[in-house]
>>> print(open('input_36.cif').read())   # mmCIF, C-alpha atoms and all ligand atoms
data_structure
#
loop_
_atom_site.group_PDB
_atom_site.id
_atom_site.type_symbol
_atom_site.label_atom_id
_atom_site.label_comp_id
_atom_site.auth_asym_id
_atom_site.auth_seq_id
_atom_site.Cartn_x
_atom_site.Cartn_y
_atom_site.Cartn_z
ATOM 1 C CA MET K 81 197.318 26.321 67.659
ATOM 2 C CA SER K 82 197.029 26.965 71.409
ATOM 3 C CA ASN K 83 199.476 29.098 73.355
ATOM 4 C CA PHE K 84 200.326 25.972 75.355
ATOM 5 C CA ALA K 85 201.302 24.066 72.187
ATOM 6 C CA LEU K 86 203.268 27.064 70.901
ATOM 7 C CA ARG K 87 205.103 27.337 74.222
ATOM 8 C CA ALA K 88 205.963 23.640 74.041
ATOM 9 C CA LEU K 89 207.310 24.002 70.485
ATOM 10 C CA ARG K 90 209.333 27.010 71.528
ATOM 11 C CA GLY K 91 210.660 25.041 74.527
ATOM 12 C CA LEU K 92 211.798 22.286 72.155
ATOM 13 C CA GLY K 93 213.817 24.801 70.163
ATOM 14 C CA VAL K 94 211.589 24.646 67.066
ATOM 15 C CA PHE K 95 211.304 28.457 66.898
ATOM 16 C CA SER K 96 215.105 28.828 67.201
ATOM 17 C CA LEU K 97 215.479 26.484 64.240
ATOM 18 C CA THR K 98 212.917 28.315 62.045
ATOM 19 C CA ARG K 99 214.489 31.641 63.072
ATOM 20 C CA VAL K 100 217.850 30.457 61.691
ATOM 21 C CA LEU K 101 216.290 28.944 58.545
ATOM 22 C CA SER K 102 214.352 32.129 57.744
ATOM 23 C CA ALA K 103 217.025 34.598 58.921
ATOM 24 C CA SER K 104 217.534 36.162 55.484
ATOM 25 C CA MET K 105 213.812 36.662 54.814
ATOM 26 C CA PRO K 106 212.795 40.114 56.073
ATOM 27 C CA ARG K 107 209.447 40.498 57.835
ATOM 28 C CA ILE K 108 207.141 43.452 57.222
ATOM 29 C CA LEU K 109 204.689 44.002 60.065
ATOM 30 C CA MET K 110 201.222 45.473 59.452
ATOM 31 C CA TYR K 111 199.517 47.529 62.155
ATOM 32 C CA HIS K 112 196.272 49.539 62.127
ATOM 33 C CA ASP K 113 195.043 50.891 65.477
ATOM 34 C CA PHE K 114 196.263 51.498 69.008
ATOM 35 C CA CYS K 115 194.611 52.323 72.320
ATOM 36 C CA GLY K 116 195.592 53.621 75.757
ATOM 37 C CA PRO K 117 196.915 51.495 78.661
ATOM 38 C CA ASN K 118 193.552 51.056 80.344
ATOM 39 C CA GLU K 119 191.496 50.502 77.208
ATOM 40 C CA ALA K 120 190.496 47.226 75.587
ATOM 41 C CA ASP K 121 189.529 47.042 71.920
ATOM 42 C CA ASP K 122 189.593 43.887 69.758
ATOM 43 C CA ASP K 123 190.792 45.903 66.777
ATOM 44 C CA ALA K 124 193.434 48.040 68.509
ATOM 45 C CA ILE K 125 196.711 47.188 70.234
ATOM 46 C CA ASN K 126 197.098 48.459 73.766
ATOM 47 C CA VAL K 127 200.216 50.639 74.250
ATOM 48 C CA GLU K 128 201.521 48.407 77.039
ATOM 49 C CA ASP K 129 201.394 45.365 74.726
ATOM 50 C CA LEU K 130 203.024 47.457 72.016
ATOM 51 C CA ARG K 131 205.819 48.437 74.396
ATOM 52 C CA ARG K 132 206.549 44.737 75.033
ATOM 53 C CA GLN K 133 206.526 44.063 71.261
ATOM 54 C CA PHE K 134 208.952 46.891 70.579
ATOM 55 C CA ALA K 135 211.318 45.731 73.349
ATOM 56 C CA TYR K 136 211.267 42.240 71.765
ATOM 57 C CA LEU K 137 211.903 43.707 68.286
ATOM 58 C CA ARG K 138 214.783 45.810 69.556
ATOM 59 C CA ARG K 139 216.395 42.785 71.243
ATOM 60 C CA ASN K 140 215.972 40.326 68.397
ATOM 61 C CA PHE K 141 215.760 42.145 65.060
ATOM 62 C CA ARG K 142 217.341 44.758 62.842
ATOM 63 C CA VAL K 143 214.485 47.219 62.300
ATOM 64 C CA VAL K 144 214.799 49.310 59.115
ATOM 65 C CA SER K 145 212.424 51.525 57.151
ATOM 66 C CA LEU K 146 210.334 49.954 54.388
ATOM 67 C CA ARG K 147 212.179 52.159 51.876
ATOM 68 C CA GLN K 148 215.530 50.783 53.027
ATOM 69 C CA LEU K 149 214.228 47.231 52.854
ATOM 70 C CA ALA K 150 212.921 47.832 49.306
ATOM 71 C CA ASP K 151 216.245 49.411 48.289
ATOM 72 C CA GLU K 152 218.153 46.427 49.676
ATOM 73 C CA LEU K 153 215.821 44.052 47.841
ATOM 74 C CA ARG K 154 216.222 45.964 44.588
ATOM 75 C CA SER K 155 220.036 46.093 44.910
ATOM 76 C CA GLY K 156 220.210 42.337 44.340
ATOM 77 C CA ALA K 157 222.696 41.952 47.217
ATOM 78 C CA SER K 158 221.944 39.173 49.687
ATOM 79 C CA LEU K 159 219.310 40.245 52.194
ATOM 80 C CA GLN K 160 220.560 41.050 55.672
ATOM 81 C CA LYS K 161 219.644 38.787 58.547
ATOM 82 C CA HIS K 162 216.772 39.299 60.976
ATOM 83 C CA THR K 163 215.433 42.403 59.230
ATOM 84 C CA VAL K 164 212.021 43.836 60.107
ATOM 85 C CA ALA K 165 210.101 46.842 58.737
ATOM 86 C CA LEU K 166 207.044 48.361 60.450
ATOM 87 C CA THR K 167 203.998 49.625 58.543
ATOM 88 C CA ILE K 168 200.741 51.175 59.759
ATOM 89 C CA ASP K 169 197.651 51.557 57.587
ATOM 90 C CA ASP K 170 194.918 54.171 57.120
ATOM 91 C CA GLY K 171 196.022 57.317 59.027
ATOM 92 C CA ARG K 172 193.946 57.304 62.185
ATOM 93 C CA ARG K 173 194.835 59.687 64.976
ATOM 94 C CA ASN K 174 195.393 56.940 67.567
ATOM 95 C CA CYS K 175 198.694 56.291 65.751
ATOM 96 C CA TYR K 176 199.886 59.806 66.483
ATOM 97 C CA GLU K 177 198.629 59.611 70.036
ATOM 98 C CA PHE K 178 199.843 56.145 71.085
ATOM 99 C CA LEU K 179 202.265 54.718 68.518
ATOM 100 C CA PHE K 180 204.393 57.762 67.681
ATOM 101 C CA PRO K 181 205.696 58.337 71.273
ATOM 102 C CA LEU K 182 206.787 54.683 71.462
ATOM 103 C CA LEU K 183 208.502 54.791 68.063
ATOM 104 C CA LYS K 184 210.479 57.777 69.355
ATOM 105 C CA GLU K 185 211.276 56.090 72.661
ATOM 106 C CA PHE K 186 212.578 52.926 70.950
ATOM 107 C CA GLU K 187 213.987 54.843 67.949
ATOM 108 C CA LEU K 188 212.193 52.589 65.492
ATOM 109 C CA PRO K 189 211.503 53.677 61.902
ATOM 110 C CA ALA K 190 208.049 53.028 60.407
ATOM 111 C CA THR K 191 205.971 53.766 57.313
ATOM 112 C CA PHE K 192 202.512 55.239 57.837
ATOM 113 C CA PHE K 193 200.095 54.758 54.912
ATOM 114 C CA VAL K 194 197.354 57.367 54.853
ATOM 115 C CA VAL K 195 194.102 57.797 52.912
ATOM 116 C CA SER K 196 194.287 61.373 51.628
ATOM 117 C CA ALA K 197 190.556 62.307 51.526
ATOM 118 C CA PHE K 198 190.310 61.005 55.114
ATOM 119 C CA ILE K 199 193.170 63.258 56.250
ATOM 120 C CA GLN K 200 191.628 66.214 54.360
ATOM 121 C CA GLY K 201 188.431 65.686 56.375
ATOM 122 C CA GLU K 202 186.327 65.018 53.251
ATOM 123 C CA ASP K 203 184.992 61.687 54.469
ATOM 124 C CA TRP K 204 185.844 58.918 56.872
ATOM 125 C CA ILE K 205 186.980 55.484 55.782
ATOM 126 C CA TRP K 206 184.092 53.293 54.620
ATOM 127 C CA THR K 207 185.392 50.217 56.469
ATOM 128 C CA ASP K 208 185.245 52.250 59.710
ATOM 129 C CA LYS K 209 181.632 53.183 58.985
ATOM 130 C CA VAL K 210 180.788 49.479 58.786
ATOM 131 C CA LEU K 211 182.657 48.814 62.045
ATOM 132 C CA TRP K 212 180.869 51.752 63.656
ATOM 133 C CA LEU K 213 177.487 50.366 62.526
ATOM 134 C CA SER K 214 178.397 46.923 63.913
ATOM 135 C CA ARG K 215 179.085 48.517 67.301
ATOM 136 C CA GLN K 216 175.690 50.222 67.535
ATOM 137 C CA ALA K 217 173.105 48.749 69.866
ATOM 138 C CA ASN K 218 170.296 46.755 68.188
ATOM 139 C CA GLY K 219 172.096 46.398 64.881
ATOM 140 C CA PRO K 220 170.773 43.791 62.448
ATOM 141 C CA GLU K 221 172.238 40.298 62.725
ATOM 142 C CA ALA K 222 173.890 40.839 59.331
ATOM 143 C CA ILE K 223 176.503 43.232 60.697
ATOM 144 C CA MET K 224 177.138 41.803 64.143
ATOM 145 C CA PRO K 225 180.881 41.268 64.799
ATOM 146 C CA ASP K 226 180.690 37.527 63.942
ATOM 147 C CA SER K 227 179.202 38.257 60.521
ATOM 148 C CA LEU K 228 181.676 41.008 59.661
ATOM 149 C CA PRO K 229 184.157 38.914 57.624
ATOM 150 C CA ALA K 230 181.311 37.850 55.302
ATOM 151 C CA VAL K 231 179.961 41.416 55.119
ATOM 152 C CA PHE K 232 183.387 42.806 54.209
ATOM 153 C CA GLY K 233 183.830 39.981 51.720
ATOM 154 C CA ALA K 234 180.679 41.117 49.908
ATOM 155 C CA LEU K 235 181.320 44.870 50.254
ATOM 156 C CA ASN K 236 184.868 44.506 48.894
ATOM 157 C CA ARG K 237 183.454 43.284 45.592
ATOM 158 C CA MET K 238 180.938 46.153 45.177
ATOM 159 C CA ARG K 239 181.410 49.305 43.157
ATOM 160 C CA PRO K 240 182.087 52.252 45.553
ATOM 161 C CA GLU K 241 178.699 53.911 44.853
ATOM 162 C CA ASN K 242 176.807 50.662 45.562
ATOM 163 C CA ARG K 243 178.745 50.155 48.753
ATOM 164 C CA LYS K 244 177.969 53.694 49.856
ATOM 165 C CA ALA K 245 174.259 53.068 49.217
ATOM 166 C CA TRP K 246 174.439 49.784 51.184
ATOM 167 C CA ILE K 247 175.973 51.564 54.178
ATOM 168 C CA GLU K 248 173.349 54.325 54.061
ATOM 169 C CA ASN K 249 170.460 51.863 53.701
ATOM 170 C CA THR K 250 171.757 49.689 56.533
ATOM 171 C CA ALA K 251 172.088 52.726 58.814
ATOM 172 C CA GLN K 252 168.562 53.793 57.889
ATOM 173 C CA SER K 253 167.174 50.331 58.639
ATOM 174 C CA MET K 254 168.822 50.572 62.080
ATOM 175 C CA GLY K 255 167.314 54.008 62.699
ATOM 176 C CA VAL K 256 170.718 55.713 62.909
ATOM 177 C CA SER K 257 172.558 58.053 60.610
ATOM 178 C CA VAL K 258 176.279 57.795 60.004
ATOM 179 C CA PRO K 259 177.892 60.966 61.420
ATOM 180 C CA LYS K 260 179.416 63.358 58.873
ATOM 181 C CA THR K 261 182.700 63.426 60.775
ATOM 182 C CA PRO K 262 184.165 60.290 62.346
ATOM 183 C CA PRO K 263 183.779 59.643 66.086
ATOM 184 C CA PRO K 264 187.102 59.964 68.017
ATOM 185 C CA ARG K 265 187.922 56.222 67.722
ATOM 186 C CA PHE K 266 187.956 56.586 63.906
ATOM 187 C CA ALA K 267 189.298 60.153 63.601
ATOM 188 C CA PRO K 268 192.204 60.965 61.255
ATOM 189 C CA CYS K 269 195.578 62.585 61.909
ATOM 190 C CA SER K 270 195.884 66.190 60.769
ATOM 191 C CA TRP K 271 198.456 67.258 58.163
ATOM 192 C CA GLU K 272 200.280 69.045 60.954
ATOM 193 C CA GLU K 273 200.562 65.819 62.970
ATOM 194 C CA LEU K 274 201.735 63.914 59.896
ATOM 195 C CA ARG K 275 204.340 66.601 59.221
ATOM 196 C CA GLU K 276 205.560 66.345 62.804
ATOM 197 C CA MET K 277 205.842 62.566 62.424
ATOM 198 C CA ALA K 278 207.715 62.890 59.116
ATOM 199 C CA ASP K 279 209.989 65.617 60.538
ATOM 200 C CA SER K 280 211.029 63.276 63.370
ATOM 201 C CA GLY K 281 213.043 61.401 60.730
ATOM 202 C CA LEU K 282 211.578 58.099 61.933
ATOM 203 C CA ILE K 283 208.356 58.018 59.968
ATOM 204 C CA GLU K 284 207.821 58.011 56.249
ATOM 205 C CA ILE K 285 204.316 58.842 55.052
ATOM 206 C CA GLY K 286 203.057 56.667 52.194
ATOM 207 C CA SER K 287 199.875 56.567 50.122
ATOM 208 C CA HIS K 288 196.885 54.340 50.826
ATOM 209 C CA THR K 289 194.833 55.960 47.981
ATOM 210 C CA VAL K 290 192.398 58.909 48.124
ATOM 211 C CA THR K 291 189.217 57.051 49.164
ATOM 212 C CA HIS K 292 190.274 53.486 50.118
ATOM 213 C CA PRO K 293 188.544 51.726 47.187
ATOM 214 C CA ILE K 294 189.254 48.038 46.570
ATOM 215 C CA LEU K 295 191.225 48.486 43.346
ATOM 216 C CA SER K 296 189.723 45.424 41.623
ATOM 217 C CA SER K 297 186.252 46.973 42.089
ATOM 218 C CA ILE K 298 187.153 50.081 40.052
ATOM 219 C CA SER K 299 188.434 50.700 36.501
ATOM 220 C CA ASP K 300 192.098 51.214 35.622
ATOM 221 C CA GLU K 301 191.287 54.839 34.865
ATOM 222 C CA GLU K 302 189.858 55.280 38.359
ATOM 223 C CA SER K 303 192.765 53.495 40.061
ATOM 224 C CA TRP K 304 195.225 55.703 38.155
ATOM 225 C CA ALA K 305 193.471 58.799 39.547
ATOM 226 C CA GLU K 306 193.581 57.297 43.078
ATOM 227 C CA LEU K 307 197.333 56.675 42.741
ATOM 228 C CA ILE K 308 198.243 60.055 41.242
ATOM 229 C CA ASN K 309 195.910 62.273 43.275
ATOM 230 C CA SER K 310 196.703 60.702 46.661
ATOM 231 C CA ARG K 311 200.406 61.055 45.955
ATOM 232 C CA ALA K 312 200.007 64.751 45.041
ATOM 233 C CA GLN K 313 197.732 65.532 48.013
ATOM 234 C CA ILE K 314 199.937 63.789 50.592
ATOM 235 C CA SER K 315 203.101 65.285 49.154
ATOM 236 C CA ALA K 316 201.567 68.779 49.337
ATOM 237 C CA GLY K 317 200.257 68.105 52.865
ATOM 238 C CA ILE K 318 203.573 66.985 54.362
ATOM 239 C CA GLY K 319 205.984 68.859 52.083
ATOM 240 C CA ARG K 320 207.879 65.703 51.149
ATOM 241 C CA PRO K 321 207.872 63.217 48.291
ATOM 242 C CA VAL K 322 205.691 60.107 48.649
ATOM 243 C CA ASN K 323 207.461 56.888 47.685
ATOM 244 C CA CYS K 324 205.544 53.932 49.080
ATOM 245 C CA PHE K 325 202.054 52.602 48.356
ATOM 246 C CA CYS K 326 199.718 50.289 50.273
ATOM 247 C CA PHE K 327 196.842 48.411 48.576
ATOM 248 C CA PRO K 328 193.428 48.833 50.272
ATOM 249 C CA ASN K 329 192.561 45.476 51.846
ATOM 250 C CA GLY K 330 195.503 44.020 49.923
ATOM 251 C CA LYS K 331 194.379 40.421 49.386
ATOM 252 C CA ALA K 332 195.125 38.581 46.144
ATOM 253 C CA ASN K 333 191.759 39.359 44.499
ATOM 254 C CA ASP K 334 191.750 43.022 45.583
ATOM 255 C CA TYR K 335 193.835 44.238 42.606
ATOM 256 C CA ARG K 336 194.639 43.426 38.982
ATOM 257 C CA SER K 337 198.128 43.032 37.498
ATOM 258 C CA SER K 338 197.494 46.107 35.300
ATOM 259 C CA GLN K 339 197.092 48.132 38.513
ATOM 260 C CA VAL K 340 200.327 46.777 40.015
ATOM 261 C CA LYS K 341 202.036 48.158 36.896
ATOM 262 C CA GLN K 342 200.289 51.494 37.377
ATOM 263 C CA ILE K 343 201.856 51.876 40.832
ATOM 264 C CA GLN K 344 205.312 51.758 39.302
ATOM 265 C CA GLU K 345 204.279 54.075 36.442
ATOM 266 C CA ALA K 346 202.871 56.564 38.958
ATOM 267 C CA GLY K 347 206.380 56.866 40.448
ATOM 268 C CA TYR K 348 206.125 54.795 43.616
ATOM 269 C CA LEU K 349 209.220 52.812 44.602
ATOM 270 C CA CYS K 350 207.488 49.926 46.382
ATOM 271 C CA ALA K 351 204.086 48.662 47.528
ATOM 272 C CA VAL K 352 202.775 46.393 50.282
ATOM 273 C CA ILE K 353 199.903 43.908 50.240
ATOM 274 C CA ALA K 354 198.141 42.171 53.138
ATOM 275 C CA GLU K 355 198.847 38.565 52.141
ATOM 276 C CA PHE K 356 200.963 36.743 54.701
ATOM 277 C CA GLY K 357 204.549 35.951 53.749
ATOM 278 C CA LEU K 358 208.212 36.760 54.309
ATOM 279 C CA VAL K 359 210.279 38.795 51.838
ATOM 280 C CA GLN K 360 212.713 36.868 49.663
ATOM 281 C CA ALA K 361 215.202 37.825 46.956
ATOM 282 C CA SER K 362 212.590 36.891 44.318
ATOM 283 C CA THR K 363 209.791 39.000 45.877
ATOM 284 C CA ASP K 364 208.311 41.742 43.648
ATOM 285 C CA PRO K 365 208.976 45.105 45.418
ATOM 286 C CA TYR K 366 205.451 46.134 44.319
ATOM 287 C CA LEU K 367 203.819 43.140 46.027
ATOM 288 C CA LEU K 368 205.572 42.951 49.383
ATOM 289 C CA PRO K 369 203.795 40.514 51.760
ATOM 290 C CA ARG K 370 203.204 41.388 55.413
ATOM 291 C CA ILE K 371 202.443 39.910 58.810
ATOM 292 C CA GLY K 372 199.191 41.252 60.319
ATOM 293 C CA MET K 373 199.758 42.156 63.971
ATOM 294 C CA THR K 374 196.328 43.327 65.200
ATOM 295 C CA ARG K 375 195.100 39.963 66.516
ATOM 296 C CA LYS K 376 198.461 38.659 67.737
ATOM 297 C CA ARG K 377 198.408 39.491 71.426
ATOM 298 C CA THR K 378 200.522 36.902 73.258
ATOM 299 C CA GLN K 379 204.300 36.551 72.969
ATOM 300 C CA GLU K 380 203.769 32.963 71.729
ATOM 301 C CA GLN K 381 201.598 34.134 68.825
ATOM 302 C CA ILE K 382 204.047 36.906 67.979
ATOM 303 C CA SER K 383 207.070 34.577 68.126
ATOM 304 C CA LYS K 384 205.244 32.038 65.952
ATOM 305 C CA TYR K 385 205.160 34.580 63.117
ATOM 306 C CA LEU K 386 208.291 36.639 63.778
ATOM 307 C CA GLU K 387 210.568 33.615 64.325
ATOM 308 C CA GLY K 388 209.489 32.065 61.015
ATOM 309 C CA PHE K 389 207.529 29.097 62.392
ATOM 310 C CA ALA K 390 204.217 30.159 60.794
ATOM 311 C CA TYR K 391 205.923 30.541 57.426
ATOM 312 C CA TYR K 392 207.206 26.943 57.404
ATOM 313 C CA GLN K 393 203.964 25.640 58.882
ATOM 314 C CA GLU K 394 202.024 27.207 56.006
ATOM 315 C CA ARG K 395 204.464 25.926 53.401
ATOM 316 C CA PHE K 396 204.262 22.437 54.890
ATOM 317 C CA GLN K 397 200.471 22.522 54.935
ATOM 318 C CA SER K 398 200.093 23.826 51.374
ATOM 319 C CA GLY K 399 202.688 21.305 50.177
ATOM 320 C CA ARG K 400 200.725 18.523 51.840
ATOM 321 C CA GLY K 401 197.514 19.883 50.318
ATOM 322 C CA GLU K 402 198.912 19.566 46.827
ATOM 323 C CA ALA K 403 200.236 16.034 47.338
HETATM 324 ZN ZN ZN K 501 193.319 50.284 54.864
#
>>> encode(input="input_36.cif", output="structure tokens")
Amino acid sequence: MSNFALRALRGLGVFSLTRVLSASMPRILMYHDFCGPNEADDDAINVEDLRRQFAYLRRNFRVVSLRQLADELRSGASLQKHTVALTIDDGRRNCYEFLFPLLKEFELPATFFVVSAFIQGEDWIWTDKVLWLSRQANGPEAIMPDSLPAVFGALNRMRPENRKAWIENTAQSMGVSVPKTPPPRFAPCSWEELREMADSGLIEIGSHTVTHPILSSISDEESWAELINSRAQISAGIGRPVNCFCFPNGKANDYRSSQVKQIQEAGYLCAVIAEFGLVQASTDPYLLPRIGMTRKRTQEQISKYLEGFAYYQERFQSGRGEA
């Protein structure tokens, strides 16, 4: 839907209506990457845009930590109105550099999900390697930006060792080698930076596994190790308990129900997925839906999702589809 159409709907008061209707359904926002004021990057939010988003959140919503939201959900009491929780995935350093100062300025709590082997400097995240390859000059058609959704679709279903081989072979066919350590755009936070963020009292550090595998592509034994080991490594690295988990990729076919159970058994208190939705009293605290923010750049697009319009639009469309 165009920004013009969204502006017209907003002008007619449609967003005000959906905001009231969905008031008691908390929203969990999903962020990944940020960049400086004079930079432009399709996959990263510019700090000036982020500043405008945070001012809008402060004016219109009650922003709480994901833990608090999960506790309120679990308590069975009616959910408080206009609640929002912020989450950031993966653990890249641009979050420390660009997001953290703004969280402090606006006094907004957030949960930062990190991949422990990435923070330890053992490897960089495989999805970033694919993005890096797609940004190289003279790359094969197969990994040009337009083909990336299909490439990720296929890679998500591969066993980790096959995916690793695919990345290496593709790099070789392009005449490049994937650097051992990530370039600055894909670099991780250090433990020290994560500790500083956690010590601010605004940021809780959660687990996003050890190696970012798609859980449905590995065995239950392997996913158990990912859950337990990441929790232990992050907890040791920041000197605090780790309570929240984030599924890699997080779409419906990226995990099995046995693995959702494992998250609870491993001692986590809640988990987030990447499917779109708003939180309701009946929502499973281990399958909390989110609103992806990376591609939502205009205020109209942001309002469409944050004011509840997109939620009712989707419900209406799927209802019509079934009829
Ligand atoms: Zn991730």
>>> resolve_selection(input="input_36.cif", expression="the PyMOL selection byres (((chain K and resi 306-317) around 7) and not hetatm)", output="VMD selection string")
chain K and resid 196 271 287 289 to 290 302 to 305 318 to 322 343 346
>>> closest_residue(input="input_36.cif", among="K:Val143, K:Ala217, K:Val352, K:Leu358", to="ligand ZN 501 (chain K)", atoms="all atoms listed in the file")
K:Val352
>>> closest_residue(input="input_36.cif", among="K:Ser362, K:Thr98, K:Ser338, K:Asn323", to="Glu301 in chain K", atoms="all atoms listed in the file")
K:Ser338
>>> resolve_selection(input="input_36.cif", expression="the PyMOL selection byres (((chain K and resi 200-212) around 10) and not hetatm)", output="number ranges by chain")
K: 123, 170-172, 195-199, 213-216, 223-225, 228, 231-232, 235-236, 240, 243-244, 246-248, 250-251, 258-263, 265-271, 290-293, 313-314, 317, 329
>>> resolve_selection(input="input_36.cif", expression="the PyMOL selection byres (((chain K and resi 162) around 7) and not hetatm)", output="list in words")
Ala103, Ser104, Pro106, Phe141, Arg142, Gln160, Lys161, Thr163 and Val164 of chain K
>>> closest_residue(input="input_36.cif", among="K:Ala332, K:Leu153, K:Leu183, K:Ala120", to="Leu137 in chain K", atoms="all atoms listed in the file")
K:Leu183
>>> atom_distance(input="input_36.cif", atom1="CA of Gly388 in chain K", atom2="CA of Glu152 in chain K")
20.2 Å
>>> closest_residue(input="input_36.cif", among="K:Ala222, K:Ala390, K:Cys350, K:Leu97", to="Gln148 in chain K", atoms="only C-alpha atoms")
K:Cys350
>>> closest_residue(input="input_36.cif", among="K:Leu89, K:Ala150, K:Glu394, K:Asn126", to="Val359 in chain K", atoms="all atoms listed in the file")
K:Ala150
>>> closest_residue(input="input_36.cif", among="K:Cys175, K:Met110, K:Ala124, K:Met277", to="ligand ZN 501 (chain K)", atoms="only C-alpha atoms and all ligand atoms")
K:Met110
>>> atom_distance(input="input_36.cif", atom1="CA of Gln379 in chain K", atom2="CA of Asn174 in chain K")
22.9 Å
>>> atom_distance(input="input_36.cif", atom1="CA of Asn83 in chain K", atom2="CA of Arg375 in chain K")
13.6 Å
>>> residues_around(input="input_36.cif", residues="Phe356 in chain K", least_positions_apart="6", cutoff="12 Å", atoms="only C-alpha atoms", output="list in words")
Arg107, Ile108, Leu109, Met110, Gly330, Lys331, Ala332, Leu367, Leu368, Pro369, Arg370, Ile371, Gly372, Met373, Tyr385, Leu386, Gly388, Ala390, Tyr391, Tyr392, Glu394 and Arg395 of chain K
>>> axis_aligned_box(input="input_36.cif", around="range 103-107 of chain K", padding_each_side="5 Å", output="AutoDock Vina command-line options")
--center_x 213.5 --center_y 37.5 --center_z 56.9 --size_x 18.1 --size_y 15.9 --size_z 14.1
>>> residues_around(input="input_36.cif", residues="Ala190 in chain K", least_positions_apart="5", cutoff="6 Å", atoms="all atoms listed in the file", output="list of chain:residue names")
K:Ser145, K:Leu166, K:Thr167, K:Ile283
>>> build_atoms(input="input_36.cif", residues="range 236-249 of chain K", atoms="N, CA and C atoms", output="mmCIF file, keeping the file's coordinate frame")
data_model
loop_
_atom_site.group_PDB
_atom_site.id
_atom_site.type_symbol
_atom_site.label_atom_id
_atom_site.label_comp_id
_atom_site.auth_asym_id
_atom_site.auth_seq_id
_atom_site.Cartn_x
_atom_site.Cartn_y
_atom_site.Cartn_z
ATOM 1 N N ASN K 236 183.616 44.323 49.645
ATOM 2 C CA ASN K 236 184.868 44.506 48.894
ATOM 3 C C ASN K 236 184.672 44.311 47.393
ATOM 4 N N ARG K 237 183.673 43.562 47.010
ATOM 5 C CA ARG K 237 183.454 43.284 45.592
ATOM 6 C C ARG K 237 182.496 44.283 44.941
ATOM 7 N N MET K 238 181.923 45.191 45.720
ATOM 8 C CA MET K 238 180.938 46.153 45.177
ATOM 9 C C MET K 238 181.610 47.386 44.601
ATOM 10 N N ARG K 239 180.973 47.989 43.637
ATOM 11 C CA ARG K 239 181.410 49.305 43.157
ATOM 12 C C ARG K 239 181.272 50.299 44.330
ATOM 13 N N PRO K 240 182.158 51.316 44.412
ATOM 14 C CA PRO K 240 182.087 52.252 45.553
ATOM 15 C C PRO K 240 180.707 52.876 45.764
ATOM 16 N N GLU K 241 179.999 53.248 44.670
ATOM 17 C CA GLU K 241 178.699 53.911 44.853
ATOM 18 C C GLU K 241 177.648 52.937 45.415
ATOM 19 N N ASN K 242 177.747 51.654 45.028
ATOM 20 C CA ASN K 242 176.807 50.662 45.562
ATOM 21 C C ASN K 242 177.080 50.387 47.036
ATOM 22 N N ARG K 243 178.363 50.402 47.364
ATOM 23 C CA ARG K 243 178.745 50.155 48.753
ATOM 24 C C ARG K 243 178.258 51.304 49.643
ATOM 25 N N LYS K 244 178.409 52.513 49.121
ATOM 26 C CA LYS K 244 177.969 53.694 49.856
ATOM 27 C C LYS K 244 176.462 53.599 50.122
ATOM 28 N N ALA K 245 175.714 53.196 49.080
ATOM 29 C CA ALA K 245 174.259 53.068 49.217
ATOM 30 C C ALA K 245 173.930 51.982 50.240
ATOM 31 N N TRP K 246 174.674 50.889 50.227
ATOM 32 C CA TRP K 246 174.439 49.784 51.184
ATOM 33 C C TRP K 246 174.633 50.288 52.614
ATOM 34 N N ILE K 247 175.683 51.054 52.825
ATOM 35 C CA ILE K 247 175.973 51.564 54.178
ATOM 36 C C ILE K 247 174.852 52.504 54.629
ATOM 37 N N GLU K 248 174.416 53.383 53.712
ATOM 38 C CA GLU K 248 173.349 54.325 54.061
ATOM 39 C C GLU K 248 172.037 53.597 54.347
ATOM 40 N N ASN K 249 171.710 52.621 53.504
ATOM 41 C CA ASN K 249 170.460 51.863 53.701
ATOM 42 C C ASN K 249 170.482 51.067 55.000
#
